[in-house]
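Asker: Next up is a structure, given as C-alpha cells.
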Amino acid sequence: MGTVTTSIRKIKVGNIGAWLTDQLRQPGWFSNLIVSRQAWGAFSIYAHKRRSDGKAKMAYSTRVSAQKAADSMGRKHNAPFAVYKCLFCEGWHISKIGGNKAMPVSSTKEKVDVMDSIKNMDPHDSTSLDVDKALATGIPDIHPAYGGLRGRTLSSSRQLYAWKKLKEAGLQQVIDLRADYSSDFYSELCRKTGVEYFHYPVAIQRMEEMVDLFPKLCELIDRGNFYIACAMGLHRTDIALCLYWVFYAADRGIAPPPLQGYRKDKGLGTEKIMRALNAFYKLKTERDGKVPIPMEVFKERKDIINEQNRAIG
C-alpha cells in the first residue's frame, strides 16, 4: 500500500494525457491497455526509478531519442525493448519487454509443456555433467565454466526447451545472479526437478549480501554440475566468475575465467568488473580487519583480467 500511495502522490497529472495518447498510437495498444494491461505499470513509481537503489532511470527528452536508444539496446542484447512516457518526470524511459518477473502470456503453453515433460523424471538422479550434450542445446552464449556451464538464464521462455536436456546432461545446481528477479517460477522449476537453486545477487548496492554469500558461491562452483547466469549470461556472470577467481580460485592454481561479456571485440572494457572487485576487497577488509589478499597480488590478478580483455578481438 505504501508504494501505491507514493506513486499516486508523485504522478504529474499533466503527463497522463501525453502518456495515454502515446499508448493509443502503438500497434498493440488494445492488448497493452485492456488484455495484458502491462501498460498500466507506468503508474508505479518503479516505472520512474530503479528498485535496486531508488535512483531515477535514464530519461530521454524525446520519444525519438528514446526509441533510437531502445533499438540499439535491442541489437546489443538480442531482446525487445519498449519506450514509454514517464508519468513522474518530463522524459521518456526504456524497459525490456517482458522483464524478469513473470513469463509472457504467449509462453504459458511452453511452461506447461516443460513441466509435463519433466514431471516423471527422477529428482534424485545424479550424474556427472555431460558438457557436449549440454552445449548441443544451442542456448545463446552457453560455455563451459569451472566444471559447470554459463549462458542465458534458464528461466527465460526462450530457453525452456533446453531444460529437460540439461537435466539429462547432469545439471544439479542453478546459480541465479540477477539482483532484481523476484518470480518464484525459476526456484519452483528447480525444486520439482531436483536441481538446487541458489540466488547470488550481483550488484554494487548488494555488496553486503555478495560478501556474506561468497563462501557458498565458491562451494557450489567447486562442486561442479552447475549453470550460472544473469539475464543474458554475459556481464554479471563475468563479474561473479572473476570474484570467484580473484578471491578464491587463484590461490588454488585455477586459471582465470574467459570473459564473455566484457570483451574488447564487443566494445566493452573491464571497468564494471574492476568496480565490483574493488568494492568487494574494501568491504571484506573492513569486515575482517585485514586484507583478503595482499594488495600487490590483488593488483596482479586485476591486471590479468584486463590483459584478457585486451587480448580479445
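As shown in the C-alpha cells, the chain order sets the letters A, B, ...; within each chain, residues go from 1, and ligands are also counted from 1 in the order they appear.
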Please provide as a tab-separated table (two decimals) with N, CA, C and O atoms, in the first residue's frame all residues within 10 Å of A:Leu149, with the sequence filter that same-chain residues fewer than 2 positions apart are discarded (counting only C-alpha atoms).
Answerer:
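Heads up, here's the output in selection28.tsv:
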chain	number	residue	atom	x	y	z
A	129	LEU	N	28.30	-34.15	-15.27
A	129	LEU	CA	27.82	-33.24	-16.31
A	129	LEU	C	28.37	-33.64	-17.67
A	129	LEU	O	29.58	-33.72	-17.87
A	131	VAL	N	29.07	-32.23	-20.79
A	131	VAL	CA	29.22	-30.89	-21.35
A	131	VAL	C	28.81	-30.84	-22.82
A	131	VAL	O	28.11	-29.91	-23.25
A	134	ALA	N	25.14	-30.79	-23.16
A	134	ALA	CA	24.61	-29.50	-22.72
A	134	ALA	C	24.85	-28.42	-23.77
A	134	ALA	O	23.95	-27.63	-24.07
A	135	LEU	N	26.04	-28.39	-24.35
A	135	LEU	CA	26.35	-27.38	-25.37
A	135	LEU	C	25.51	-27.57	-26.62
A	135	LEU	O	25.20	-26.61	-27.33
A	142	ILE	N	26.18	-20.04	-24.37
A	142	ILE	CA	26.49	-21.11	-23.44
A	142	ILE	C	27.95	-21.52	-23.59
A	142	ILE	O	28.46	-21.64	-24.72
A	143	HIS	N	28.63	-21.66	-22.48
A	143	HIS	CA	30.05	-22.02	-22.48
A	143	HIS	C	30.35	-22.84	-21.22
A	143	HIS	O	29.70	-22.67	-20.19
A	144	PRO	N	31.35	-23.71	-21.28
A	144	PRO	CA	31.80	-24.41	-20.07
A	144	PRO	C	32.41	-23.40	-19.10
A	144	PRO	O	33.00	-22.39	-19.52
A	145	ALA	N	32.29	-23.66	-17.81
A	145	ALA	CA	32.86	-22.76	-16.80
A	145	ALA	C	33.13	-23.54	-15.52
A	145	ALA	O	32.19	-23.88	-14.80
A	146	TYR	N	34.39	-23.84	-15.25
A	146	TYR	CA	34.79	-24.46	-13.98
A	146	TYR	C	33.97	-25.70	-13.61
A	146	TYR	O	33.45	-25.80	-12.51
A	147	GLY	N	33.82	-26.61	-14.54
A	147	GLY	CA	33.09	-27.83	-14.23
A	147	GLY	C	31.59	-27.68	-14.32
A	147	GLY	O	30.83	-28.60	-13.99
A	151	GLY	N	25.54	-19.25	-19.39
A	151	GLY	CA	24.77	-18.92	-20.58
A	151	GLY	C	23.55	-18.09	-20.18
A	151	GLY	O	23.46	-17.65	-19.04
A	171	LEU	N	22.72	-31.67	-14.97
A	171	LEU	CA	22.60	-30.41	-14.23
A	171	LEU	C	22.08	-30.66	-12.81
A	171	LEU	O	21.06	-31.33	-12.62
A	174	VAL	N	21.59	-24.58	-10.03
A	174	VAL	CA	21.40	-23.32	-10.75
A	174	VAL	C	21.88	-22.20	-9.83
A	174	VAL	O	21.52	-22.15	-8.65
A	221	ILE	N	30.43	-23.70	-6.93
A	221	ILE	CA	31.22	-23.77	-8.16
A	221	ILE	C	32.22	-24.91	-8.07
A	221	ILE	O	32.41	-25.66	-9.04
A	224	GLY	N	30.80	-28.28	-9.04
A	224	GLY	CA	30.55	-28.55	-10.45
A	224	GLY	C	29.09	-28.82	-10.75
A	224	GLY	O	28.21	-28.66	-9.91
A	225	ASN	N	28.83	-29.27	-11.99
A	225	ASN	CA	27.47	-29.61	-12.43
A	225	ASN	C	26.48	-28.46	-12.23
A	225	ASN	O	25.31	-28.68	-11.92
A	226	PHE	N	26.93	-27.23	-12.41
A	226	PHE	CA	26.08	-26.06	-12.18
A	226	PHE	C	25.81	-25.31	-13.48
A	226	PHE	O	26.48	-25.53	-14.50
A	227	TYR	N	24.83	-24.43	-13.42
A	227	TYR	CA	24.54	-23.50	-14.50
A	227	TYR	C	24.45	-22.12	-13.86
A	227	TYR	O	23.55	-21.86	-13.06
A	228	ILE	N	25.39	-21.24	-14.19
A	228	ILE	CA	25.45	-19.91	-13.58
A	228	ILE	C	25.09	-18.87	-14.65
A	228	ILE	O	25.58	-18.93	-15.77
A	229	ALA	N	24.22	-17.94	-14.29
A	229	ALA	CA	23.79	-16.97	-15.29
A	229	ALA	C	23.10	-15.76	-14.68
A	229	ALA	O	22.47	-15.84	-13.64
A	233	GLY	N	23.59	-13.95	-19.36
A	233	GLY	CA	24.72	-14.85	-19.18
A	233	GLY	C	26.05	-14.25	-19.56
A	233	GLY	O	27.00	-14.97	-19.87
Asker: Expressed in Å to a single decimal, how great is the separation between atom CA of A:Asp130 and atom CA of A:Ala169?
Answerer: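 Those two atoms sit 4.9 Å apart.
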Asker: Dump as a Markdown table the rows for residues of stretch 239-263 of chain A within 12 Å of stretch 271-278 of chain A: closest atom pair and distance in Å with one decimal, only C-alpha atoms counted, ordered by chain and rising residue number.
Answerer:
| residue | atom | partner | partner_atom | distance |
| --- | --- | --- | --- | --- |
| A:Ile239 | CA | A:Ile273 | CA | 5.3 |
| A:Ala240 | CA | A:Ile273 | CA | 8.8 |
| A:Leu241 | CA | A:Ile273 | CA | 10.0 |
| A:Cys242 | CA | A:Ile273 | CA | 7.6 |
| A:Leu243 | CA | A:Leu277 | CA | 6.4 |
| A:Tyr244 | CA | A:Leu277 | CA | 10.1 |
| A:Trp245 | CA | A:Leu277 | CA | 10.6 |
| A:Val246 | CA | A:Leu277 | CA | 8.2 |
| A:Phe247 | CA | A:Leu277 | CA | 8.9 |
| A:Leu259 | CA | A:Ile273 | CA | 10.4 |
| A:Gly261 | CA | A:Ile273 | CA | 10.4 |
| A:Tyr262 | CA | A:Ile273 | CA | 8.1 |
| A:Arg263 | CA | A:Glu271 | CA | 11.0 |
Asker: With DSSP run on the backbone, what are the helix (DSSP H, G or I) residues within stretch 117-268 of chain A? I'd like them as a PyMOL selection string.
Answerer: chain A and resi 117-118+131-135+157-168+185-193+204-223+235-247+249-252+264-266
Asker: Using only C-alpha atoms, pick whichever of A:Phe198, A:Ser155, A:Gly148, A:Ala162 has the shortest atom-to-atom distance to A:Ser183.
Answerer: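 The shortest atom-to-atom distance to A:Ser183 comes from A:Ser155.
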Asker: Write out as a list in words the residues lying within 8 Å of stretch 279-296 of chain A, counting only C-alpha atoms and excluding same-chain residues fewer than 5 positions away.
Answerer: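 Non-adjacent residues within range: Ile204, Met207, Glu208, Met210, Val211 and Phe247 of chain A.
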Asker: Counting only C-alpha atoms, which residue out of A:Lys68, A:Lys57, A:Arg51, A:Arg63 sits closest to A:Ala179?
Answerer: A:Arg51
